[in-house]
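Visitor: To be precise about what I am sending: the file is called model_29.pdb and holds PDB, C-alpha atoms, pLDDT in the B column.
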ATOM      1  CA  MET A 649      49.063 -52.353 -33.097  1.00 96.00           C
ATOM      2  CA  ILE A 650      47.444 -48.979 -33.618  1.00 98.00           C
ATOM      3  CA  ILE A 651      48.924 -45.556 -34.207  1.00 98.00           C
ATOM      4  CA  GLU A 652      47.070 -42.692 -32.537  1.00 98.00           C
ATOM      5  CA  GLU A 653      47.786 -39.031 -32.021  1.00 98.00           C
ATOM      6  CA  LEU A 654      48.527 -37.749 -28.543  1.00 98.00           C
ATOM      7  CA  THR A 655      46.443 -34.731 -27.574  1.00 98.00           C
ATOM      8  CA  ALA A 656      47.036 -32.215 -24.820  1.00 98.00           C
ATOM      9  CA  GLU A 657      43.902 -33.584 -23.158  1.00 98.00           C
ATOM     10  CA  GLY A 658      45.281 -37.130 -23.245  1.00 98.00           C
ATOM     11  CA  LEU A 659      48.741 -36.220 -21.981  1.00 98.00           C
ATOM     12  CA  ASP A 660      48.086 -36.741 -18.260  1.00 98.00           C
ATOM     13  CA  ALA A 661      46.704 -40.251 -18.755  1.00 98.00           C
ATOM     14  CA  ALA A 662      49.604 -41.260 -21.021  1.00 98.00           C
ATOM     15  CA  LEU A 663      52.300 -39.566 -18.936  1.00 98.00           C
ATOM     16  CA  PRO A 664      53.414 -42.554 -16.813  1.00 98.00           C
ATOM     17  CA  GLN A 665      53.917 -44.749 -19.882  1.00 98.00           C
ATOM     18  CA  LEU A 666      55.536 -41.965 -21.895  1.00 98.00           C
ATOM     19  CA  ALA A 667      58.015 -41.199 -19.112  1.00 98.00           C
ATOM     20  CA  ALA A 668      58.818 -44.908 -18.730  1.00 98.00           C
ATOM     21  CA  LEU A 669      59.329 -45.223 -22.508  1.00 98.00           C
ATOM     22  CA  LEU A 670      61.724 -42.274 -22.602  1.00 98.00           C
ATOM     23  CA  GLU A 671      63.668 -43.576 -19.592  1.00 98.00           C
ATOM     24  CA  ALA A 672      63.922 -47.095 -21.072  1.00 98.00           C
ATOM     25  CA  CYS A 673      65.148 -45.798 -24.429  1.00 98.00           C
ATOM     26  CA  VAL A 674      67.778 -43.538 -22.842  1.00 97.00           C
ATOM     27  CA  ALA A 675      68.913 -46.381 -20.555  1.00 97.00           C
ATOM     28  CA  ALA A 676      69.298 -48.574 -23.666  1.00 96.00           C
ATOM     29  CA  GLY A 677      71.592 -45.996 -25.260  1.00 94.00           C
ATOM     30  CA  ALA A 678      69.244 -43.937 -27.425  1.00 94.00           C
ATOM     31  CA  SER A 679      70.695 -40.552 -28.306  1.00 92.00           C
ATOM     32  CA  ILE A 680      67.496 -38.516 -28.082  1.00 95.00           C
ATOM     33  CA  GLY A 681      68.664 -35.509 -26.144  1.00 95.00           C
ATOM     34  CA  PHE A 682      69.088 -37.011 -22.686  1.00 97.00           C
ATOM     35  CA  LEU A 683      71.930 -38.665 -20.806  1.00 97.00           C
ATOM     36  CA  HIS A 684      71.774 -41.826 -18.713  1.00 96.00           C
ATOM     37  CA  PRO A 685      71.033 -41.941 -15.863  1.00 97.00           C
ATOM     38  CA  MET A 686      68.158 -39.493 -16.090  1.00 97.00           C
ATOM     39  CA  ALA A 687      67.366 -37.386 -13.038  1.00 97.00           C
ATOM     40  CA  PRO A 688      64.161 -38.286 -11.180  1.00 97.00           C
ATOM     41  CA  GLY A 689      61.222 -36.557 -12.849  1.00 98.00           C
ATOM     42  CA  GLU A 690      63.257 -35.490 -15.890  1.00 98.00           C
ATOM     43  CA  ALA A 691      61.339 -37.679 -18.353  1.00 98.00           C
ATOM     44  CA  GLU A 692      57.942 -36.675 -17.007  1.00 98.00           C
ATOM     45  CA  GLY A 693      58.956 -33.022 -17.006  1.00 98.00           C
ATOM     46  CA  TRP A 694      60.015 -33.192 -20.648  1.00 98.00           C
ATOM     47  CA  TRP A 695      56.692 -34.701 -21.693  1.00 98.00           C
ATOM     48  CA  ARG A 696      54.739 -32.159 -19.617  1.00 98.00           C
ATOM     49  CA  GLY A 697      56.700 -29.433 -21.358  1.00 98.00           C
ATOM     50  CA  LEU A 698      55.098 -30.430 -24.680  1.00 98.00           C
ATOM     51  CA  GLU A 699      51.571 -29.578 -23.553  1.00 98.00           C
ATOM     52  CA  GLY A 700      51.609 -26.057 -25.018  1.00 98.00           C
ATOM     53  CA  ALA A 701      52.945 -27.285 -28.370  1.00 98.00           C
ATOM     54  CA  LEU A 702      50.306 -30.038 -28.443  1.00 98.00           C
ATOM     55  CA  ARG A 703      47.610 -27.434 -27.778  1.00 98.00           C
ATOM     56  CA  ASP A 704      48.780 -24.946 -30.391  1.00 98.00           C
ATOM     57  CA  GLY A 705      49.510 -27.655 -32.977  1.00 97.00           C
ATOM     58  CA  SER A 706      53.192 -26.849 -33.428  1.00 98.00           C
ATOM     59  CA  ARG A 707      54.083 -30.393 -32.332  1.00 98.00           C
ATOM     60  CA  ARG A 708      52.175 -33.466 -33.516  1.00 98.00           C
ATOM     61  CA  VAL A 709      52.975 -36.598 -31.490  1.00 98.00           C
ATOM     62  CA  LEU A 710      52.013 -40.113 -32.563  1.00 98.00           C
ATOM     63  CA  LEU A 711      51.838 -43.125 -30.269  1.00 98.00           C
ATOM     64  CA  ALA A 712      52.191 -46.771 -31.320  1.00 98.00           C
ATOM     65  CA  GLN A 713      50.105 -48.861 -28.938  1.00 98.00           C
ATOM     66  CA  SER A 714      49.166 -52.476 -28.458  1.00 98.00           C
ATOM     67  CA  GLY A 715      46.985 -53.874 -25.707  1.00 96.00           C
ATOM     68  CA  GLY A 716      46.865 -50.524 -23.955  1.00 96.00           C
ATOM     69  CA  GLN A 717      50.667 -50.263 -23.836  1.00 98.00           C
ATOM     70  CA  ILE A 718      52.628 -47.515 -25.556  1.00 98.00           C
ATOM     71  CA  LEU A 719      55.380 -49.255 -27.524  1.00 98.00           C
ATOM     72  CA  GLY A 720      56.761 -46.273 -29.392  1.00 98.00           C
ATOM     73  CA  THR A 721      56.334 -42.669 -30.324  1.00 98.00           C
ATOM     74  CA  GLY A 722      57.500 -40.091 -32.811  1.00 98.00           C
ATOM     75  CA  SER A 723      56.670 -36.491 -33.493  1.00 98.00           C
ATOM     76  CA  LEU A 724      56.714 -33.733 -36.046  1.00 98.00           C
ATOM     77  CA  ALA A 725      57.917 -30.314 -34.980  1.00 98.00           C
ATOM     78  CA  LEU A 726      56.287 -27.974 -37.474  1.00 98.00           C
ATOM     79  CA  ALA A 727      58.404 -25.038 -38.599  1.00 95.00           C
ATOM     80  CA  GLY A 728      56.411 -21.896 -37.898  1.00 93.00           C
ATOM     81  CA  LEU A 729      58.318 -19.103 -39.595  1.00 95.00           C
ATOM     82  CA  PRO A 730      56.879 -17.938 -42.920  1.00 96.00           C
ATOM     83  CA  ASN A 731      59.768 -19.280 -45.000  1.00 97.00           C
ATOM     84  CA  GLY A 732      59.583 -22.710 -43.331  1.00 96.00           C
ATOM     85  CA  ARG A 733      55.915 -23.597 -43.465  1.00 96.00           C
ATOM     86  CA  HIS A 734      56.648 -26.293 -46.033  1.00 97.00           C
ATOM     87  CA  ARG A 735      58.885 -28.309 -43.710  1.00 98.00           C
ATOM     88  CA  ALA A 736      58.861 -30.218 -40.421  1.00 98.00           C
ATOM     89  CA  GLU A 737      61.375 -32.001 -38.234  1.00 98.00           C
ATOM     90  CA  VAL A 738      60.908 -35.640 -37.264  1.00 98.00           C
ATOM     91  CA  ALA A 739      61.827 -35.723 -33.588  1.00 97.00           C
ATOM     92  CA  LYS A 740      62.009 -38.119 -30.652  1.00 97.00           C
ATOM     93  CA  LEU A 741      61.358 -41.286 -32.636  1.00 98.00           C
ATOM     94  CA  MET A 742      61.614 -44.025 -30.025  1.00 98.00           C
ATOM     95  CA  VAL A 743      60.549 -47.624 -29.648  1.00 98.00           C
ATOM     96  CA  HIS A 744      60.698 -49.439 -26.330  1.00 98.00           C
ATOM     97  CA  PRO A 745      63.784 -51.698 -26.268  1.00 98.00           C
ATOM     98  CA  ALA A 746      61.594 -54.771 -25.650  1.00 97.00           C
ATOM     99  CA  ALA A 747      59.515 -54.011 -28.763  1.00 97.00           C
ATOM    100  CA  ARG A 748      62.248 -53.280 -31.325  1.00 97.00           C
ATOM    101  CA  ARG A 749      62.743 -55.070 -34.658  1.00 95.00           C
ATOM    102  CA  GLN A 750      58.976 -55.432 -35.203  1.00 97.00           C
ATOM    103  CA  GLY A 751      58.491 -52.637 -37.756  1.00 97.00           C
ATOM    104  CA  ILE A 752      57.116 -50.161 -35.214  1.00 98.00           C
ATOM    105  CA  ALA A 753      59.490 -47.319 -36.120  1.00 98.00           C
ATOM    106  CA  ARG A 754      58.738 -47.869 -39.816  1.00 98.00           C
ATOM    107  CA  ARG A 755      54.988 -47.616 -39.119  1.00 98.00           C
ATOM    108  CA  ILE A 756      55.413 -44.496 -37.011  1.00 98.00           C
ATOM    109  CA  LEU A 757      57.475 -42.845 -39.764  1.00 98.00           C
ATOM    110  CA  ALA A 758      54.833 -43.707 -42.380  1.00 98.00           C
ATOM    111  CA  ALA A 759      52.144 -42.202 -40.165  1.00 98.00           C
ATOM    112  CA  LEU A 760      54.273 -39.091 -39.623  1.00 98.00           C
ATOM    113  CA  ASP A 761      54.505 -38.735 -43.416  1.00 98.00           C
ATOM    114  CA  GLU A 762      50.703 -38.646 -43.532  1.00 98.00           C
ATOM    115  CA  VAL A 763      50.530 -36.044 -40.776  1.00 98.00           C
ATOM    116  CA  ALA A 764      53.096 -33.950 -42.653  1.00 98.00           C
ATOM    117  CA  ARG A 765      50.982 -34.123 -45.812  1.00 98.00           C
ATOM    118  CA  GLU A 766      47.870 -33.098 -43.814  1.00 97.00           C
ATOM    119  CA  GLU A 767      49.839 -30.105 -42.549  1.00 97.00           C
ATOM    120  CA  GLY A 768      50.971 -29.156 -46.065  1.00 97.00           C
ATOM    121  CA  ARG A 769      54.589 -30.070 -45.295  1.00 98.00           C
ATOM    122  CA  HIS A 770      56.618 -31.749 -48.011  1.00 97.00           C
ATOM    123  CA  LEU A 771      60.194 -31.442 -46.727  1.00 98.00           C
ATOM    124  CA  LEU A 772      61.169 -33.418 -43.644  1.00 98.00           C
ATOM    125  CA  VAL A 773      64.437 -33.304 -41.726  1.00 98.00           C
ATOM    126  CA  LEU A 774      65.864 -35.320 -38.844  1.00 98.00           C
ATOM    127  CA  ASP A 775      69.126 -35.951 -37.098  1.00 98.00           C
ATOM    128  CA  THR A 776      70.573 -39.013 -35.422  1.00 97.00           C
ATOM    129  CA  ARG A 777      73.808 -40.098 -33.820  1.00 97.00           C
ATOM    130  CA  ALA A 778      76.343 -41.285 -36.391  1.00 97.00           C
ATOM    131  CA  GLY A 779      76.288 -45.081 -36.534  1.00 94.00           C
ATOM    132  CA  ASP A 780      72.940 -45.331 -34.743  1.00 94.00           C
ATOM    133  CA  ALA A 781      70.707 -48.318 -35.497  1.00 90.00           C
ATOM    134  CA  GLY A 782      68.162 -45.979 -37.119  1.00 93.00           C
ATOM    135  CA  GLU A 783      70.428 -44.957 -39.982  1.00 96.00           C
ATOM    136  CA  PRO A 784      69.778 -48.040 -42.163  1.00 97.00           C
ATOM    137  CA  LEU A 785      66.032 -47.586 -41.599  1.00 97.00           C
ATOM    138  CA  TYR A 786      66.124 -43.943 -42.677  1.00 98.00           C
ATOM    139  CA  ARG A 787      68.127 -44.769 -45.785  1.00 98.00           C
ATOM    140  CA  SER A 788      65.744 -47.619 -46.683  1.00 97.00           C
ATOM    141  CA  LEU A 789      62.857 -45.138 -46.545  1.00 97.00           C
ATOM    142  CA  GLY A 790      64.494 -42.696 -48.941  1.00 97.00           C
ATOM    143  CA  TRP A 791      66.098 -40.271 -46.509  1.00 98.00           C
ATOM    144  CA  THR A 792      69.197 -38.523 -47.869  1.00 98.00           C
ATOM    145  CA  GLU A 793      72.199 -37.709 -45.734  1.00 98.00           C
ATOM    146  CA  ALA A 794      72.890 -33.976 -45.725  1.00 98.00           C
ATOM    147  CA  GLY A 795      76.074 -34.126 -43.650  1.00 98.00           C
ATOM    148  CA  SER A 796      77.398 -34.619 -40.168  1.00 98.00           C
ATOM    149  CA  ILE A 797      78.848 -32.587 -37.338  1.00 98.00           C
ATOM    150  CA  PRO A 798      81.529 -34.213 -35.182  1.00 98.00           C
ATOM    151  CA  GLY A 799      81.189 -33.890 -31.428  1.00 97.00           C
ATOM    152  CA  TYR A 800      77.620 -32.597 -31.705  1.00 97.00           C
ATOM    153  CA  ALA A 801      75.937 -34.499 -28.866  1.00 95.00           C
ATOM    154  CA  LEU A 802      77.333 -35.313 -25.459  1.00 95.00           C
ATOM    155  CA  ALA A 803      77.352 -39.006 -24.628  1.00 93.00           C
ATOM    156  CA  SER A 804      76.627 -40.691 -21.300  1.00 90.00           C
ATOM    157  CA  GLU A 805      80.135 -42.130 -21.442  1.00 88.00           C
ATOM    158  CA  GLY A 806      83.113 -41.236 -23.574  1.00 87.00           C
ATOM    159  CA  PRO A 807      83.568 -38.441 -26.082  1.00 93.00           C
ATOM    160  CA  ALA A 808      80.762 -36.481 -27.684  1.00 96.00           C
ATOM    161  CA  ASP A 809      79.113 -38.227 -30.643  1.00 96.00           C
ATOM    162  CA  ALA A 810      78.863 -37.034 -34.222  1.00 98.00           C
ATOM    163  CA  THR A 811      75.356 -36.351 -35.471  1.00 98.00           C
ATOM    164  CA  VAL A 812      74.150 -37.014 -39.011  1.00 98.00           C
ATOM    165  CA  PHE A 813      71.448 -34.854 -40.578  1.00 98.00           C
ATOM    166  CA  TYR A 814      68.981 -36.294 -43.083  1.00 98.00           C
ATOM    167  CA  TRP A 815      66.272 -34.862 -45.290  1.00 98.00           C
ATOM    168  CA  ARG A 816      63.423 -36.331 -47.286  1.00 98.00           C
ATOM    169  CA  ALA A 817      61.058 -34.752 -49.793  1.00 98.00           C
ATOM    170  CA  LEU A 818      57.541 -36.170 -49.705  1.00 97.00           C
ATOM    171  CA  PRO A 819      55.871 -36.769 -53.053  1.00 90.00           C
ATOM    172  CA  ARG A 820      53.217 -34.168 -53.725  1.00 83.00           C
TER     173      ARG A 820
END
How would this structure read if it were set down as structure tokens?

Guide:
Amino acid sequence: MIIEELTAEGLDAALPQLAALLEACVAAGASIGFLHPMAPGEAEGWWRGLEGALRDGSRRVLLAQSGGQILGTGSLALAGLPNGRHRAEVAKLMVHPAARRQGIARRILAALDEVAREEGRHLLVLDTRAGDAGEPLYRSLGWTEAGSIPGYALASEGPADATVFYWRALPR
């Protein structure tokens, strides 16, 4: 497996696999901003909407690939305001349901740490649904829970879910 950065120039070629990855993760219950079932074209439209951020460098997206297939992705949203240029948000970490429990998310997170260091960022934040399968992973990697907000994210079925916020300081 290799981890590579997605560029604006490479977006069109990767788009079918990226849209399929997002749809598969949402269908499997991932709380990554979308509700199941997704509307036709919604996943592709979201990925296309990142092109400007990929071009201007405010979003750095990494792809985990094997045999030409995208198995997972994660990104850093770089804070742009003057008082936030030391931090970034880990966003849209997803691994295809058929490829989970193989260390892919762990490898993506390690690579995102390196990208953050390259960008001069040493404080990372993320949020996830309370009780999500990612929480033990984040804790094992040294992320600290900052708190939670009940009813933060709508769910495909049932009541809105609580979201837990985490932070992690990178060694300098």

Visitor: Given the file shown, enumerate the residues that the PyMOL selection byres ((chain A and resi 762) around 12) captures and present them as a ChimeraX atom specification.

Guide: /A:651,653,708,710,723-724,755-761,763-770,772,818-820

Visitor: To one decimal place, how far is atom CA of A:Ser679 from atom CA of A:Ala803 in Å?

Guide: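 If I compute the distance from atom CA of A:Ser679 to atom CA of A:Ala803, I get 7.8 Å.
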
Visitor: Name the residues in contact with A:Thr721 at a cut-off of 12 Å, using only C-alpha atoms, excluding same-chain residues fewer than 3 positions from it; report them as a ChimeraX atom specification.

Guide: /A:650-654,662,665-667,669-670,673,695,708-713,717-718,724,738-744,747,752-757,759-760

Visitor: List as a list of chain:residue names the protein and nucleic acid residues near A:Trp694, meaning an atom at most 12 Å away when all atoms listed in the file are counted, but skip any in the same chain fewer than 2 places from it.

Guide: A:Leu659, A:Leu663, A:Leu666, A:Ala667, A:Ala668, A:Leu670, A:Glu671, A:Ile680, A:Gly681, A:Phe682, A:Met686, A:Ala687, A:Pro688, A:Gly689, A:Glu690, A:Ala691, A:Glu692, A:Arg696, A:Gly697, A:Leu698, A:Glu699, A:Gly700, A:Lys740

Visitor: Take the residues that were just selected and, keeping C-alpha atoms, output them as a CSV table (one decimal), in the coordinates of the input.

Guide:
chain,number,residue,atom,x,y,z
A,659,LEU,CA,48.7,-36.2,-22.0
A,663,LEU,CA,52.3,-39.6,-18.9
A,666,LEU,CA,55.5,-42.0,-21.9
A,667,ALA,CA,58.0,-41.2,-19.1
A,668,ALA,CA,58.8,-44.9,-18.7
A,670,LEU,CA,61.7,-42.3,-22.6
A,671,GLU,CA,63.7,-43.6,-19.6
A,680,ILE,CA,67.5,-38.5,-28.1
A,681,GLY,CA,68.7,-35.5,-26.1
A,682,PHE,CA,69.1,-37.0,-22.7
A,686,MET,CA,68.2,-39.5,-16.1
A,687,ALA,CA,67.4,-37.4,-13.0
A,688,PRO,CA,64.2,-38.3,-11.2
A,689,GLY,CA,61.2,-36.6,-12.8
A,690,GLU,CA,63.3,-35.5,-15.9
A,691,ALA,CA,61.3,-37.7,-18.4
A,692,GLU,CA,57.9,-36.7,-17.0
A,696,ARG,CA,54.7,-32.2,-19.6
A,697,GLY,CA,56.7,-29.4,-21.4
A,698,LEU,CA,55.1,-30.4,-24.7
A,699,GLU,CA,51.6,-29.6,-23.6
A,700,GLY,CA,51.6,-26.1,-25.0
A,740,LYS,CA,62.0,-38.1,-30.7

Visitor: Hey, which of A:Arg787, A:Tyr814, A:Arg749, A:Ala801 ends up closest to A:Leu774? Count only C-alpha atoms.

Guide: A:Tyr814

Visitor: Nearest residue to A:Gly751 out of A:Pro685, A:Gly779, A:Val773, A:Gly720, using all atoms listed in the file?

Guide: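 For A:Gly751, the nearest of the candidates is A:Gly720.
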
Visitor: Box for stretch 772-790 of chain A - axis-aligned, 6 Å on each of the six sides, all listed atoms - centre and size in Å to one decimal, as lines of an AutoDock Vina configuration file.

Guide:
center_x = 68.8
center_y = -40.8
center_z = -41.4
size_x = 27.2
size_y = 27.0
size_z = 27.1

Visitor: For A:Gly806, which residue out of A:Leu683, A:Ala676, A:Leu789, A:Gly782 is the nearest one, using only C-alpha atoms?

Guide: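 Of A:Leu683, A:Ala676, A:Leu789, A:Gly782, the one nearest A:Gly806, counting only C-alpha atoms, is A:Leu683.
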
Visitor: So how far away is atom CA of A:Asn731 from atom CA of A:Asp704, in Å?

Guide: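 We find that atom CA of A:Asp704 and atom CA of A:Asn731 lie 19.1 Å from each other.
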
Visitor: What's the separation between atom CA of A:His734 and atom CA of A:Glu657, in Å to one decimal place?

Guide: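 Atom-to-atom, atom CA of A:His734 and atom CA of A:Glu657 are spaced 27.2 Å apart.
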
Visitor: Between A:Ala661, A:Ala656, A:Gly790, A:Pro798, which one has atoms that come closest to A:Gly716, using only C-alpha atoms?

Guide: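 Smallest separation from A:Gly716 among the options: A:Ala661.
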
Visitor: Measuring between only C-alpha atoms, which one of A:Gly795, A:Ala736, A:Leu719, A:Ser706 shows the shortest distance to A:Thr811?

Guide: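 When distances to A:Thr811 are compared using only C-alpha atoms, the smallest one comes from A:Gly795.
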
Visitor: Evaluating the PyMOL selection byres ((chain A and resi 810) around 7) on the displayed file yields which residues, as a CSV table (one decimal) with C-alpha atoms, keeping the file's coordinate frame?

Guide:
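So result_22.csv came out as:
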chain,number,residue,atom,x,y,z
A,777,ARG,CA,73.8,-40.1,-33.8
A,778,ALA,CA,76.3,-41.3,-36.4
A,796,SER,CA,77.4,-34.6,-40.2
A,797,ILE,CA,78.8,-32.6,-37.3
A,798,PRO,CA,81.5,-34.2,-35.2
A,799,GLY,CA,81.2,-33.9,-31.4
A,800,TYR,CA,77.6,-32.6,-31.7
A,801,ALA,CA,75.9,-34.5,-28.9
A,808,ALA,CA,80.8,-36.5,-27.7
A,809,ASP,CA,79.1,-38.2,-30.6
A,811,THR,CA,75.4,-36.4,-35.5
A,812,VAL,CA,74.2,-37.0,-39.0
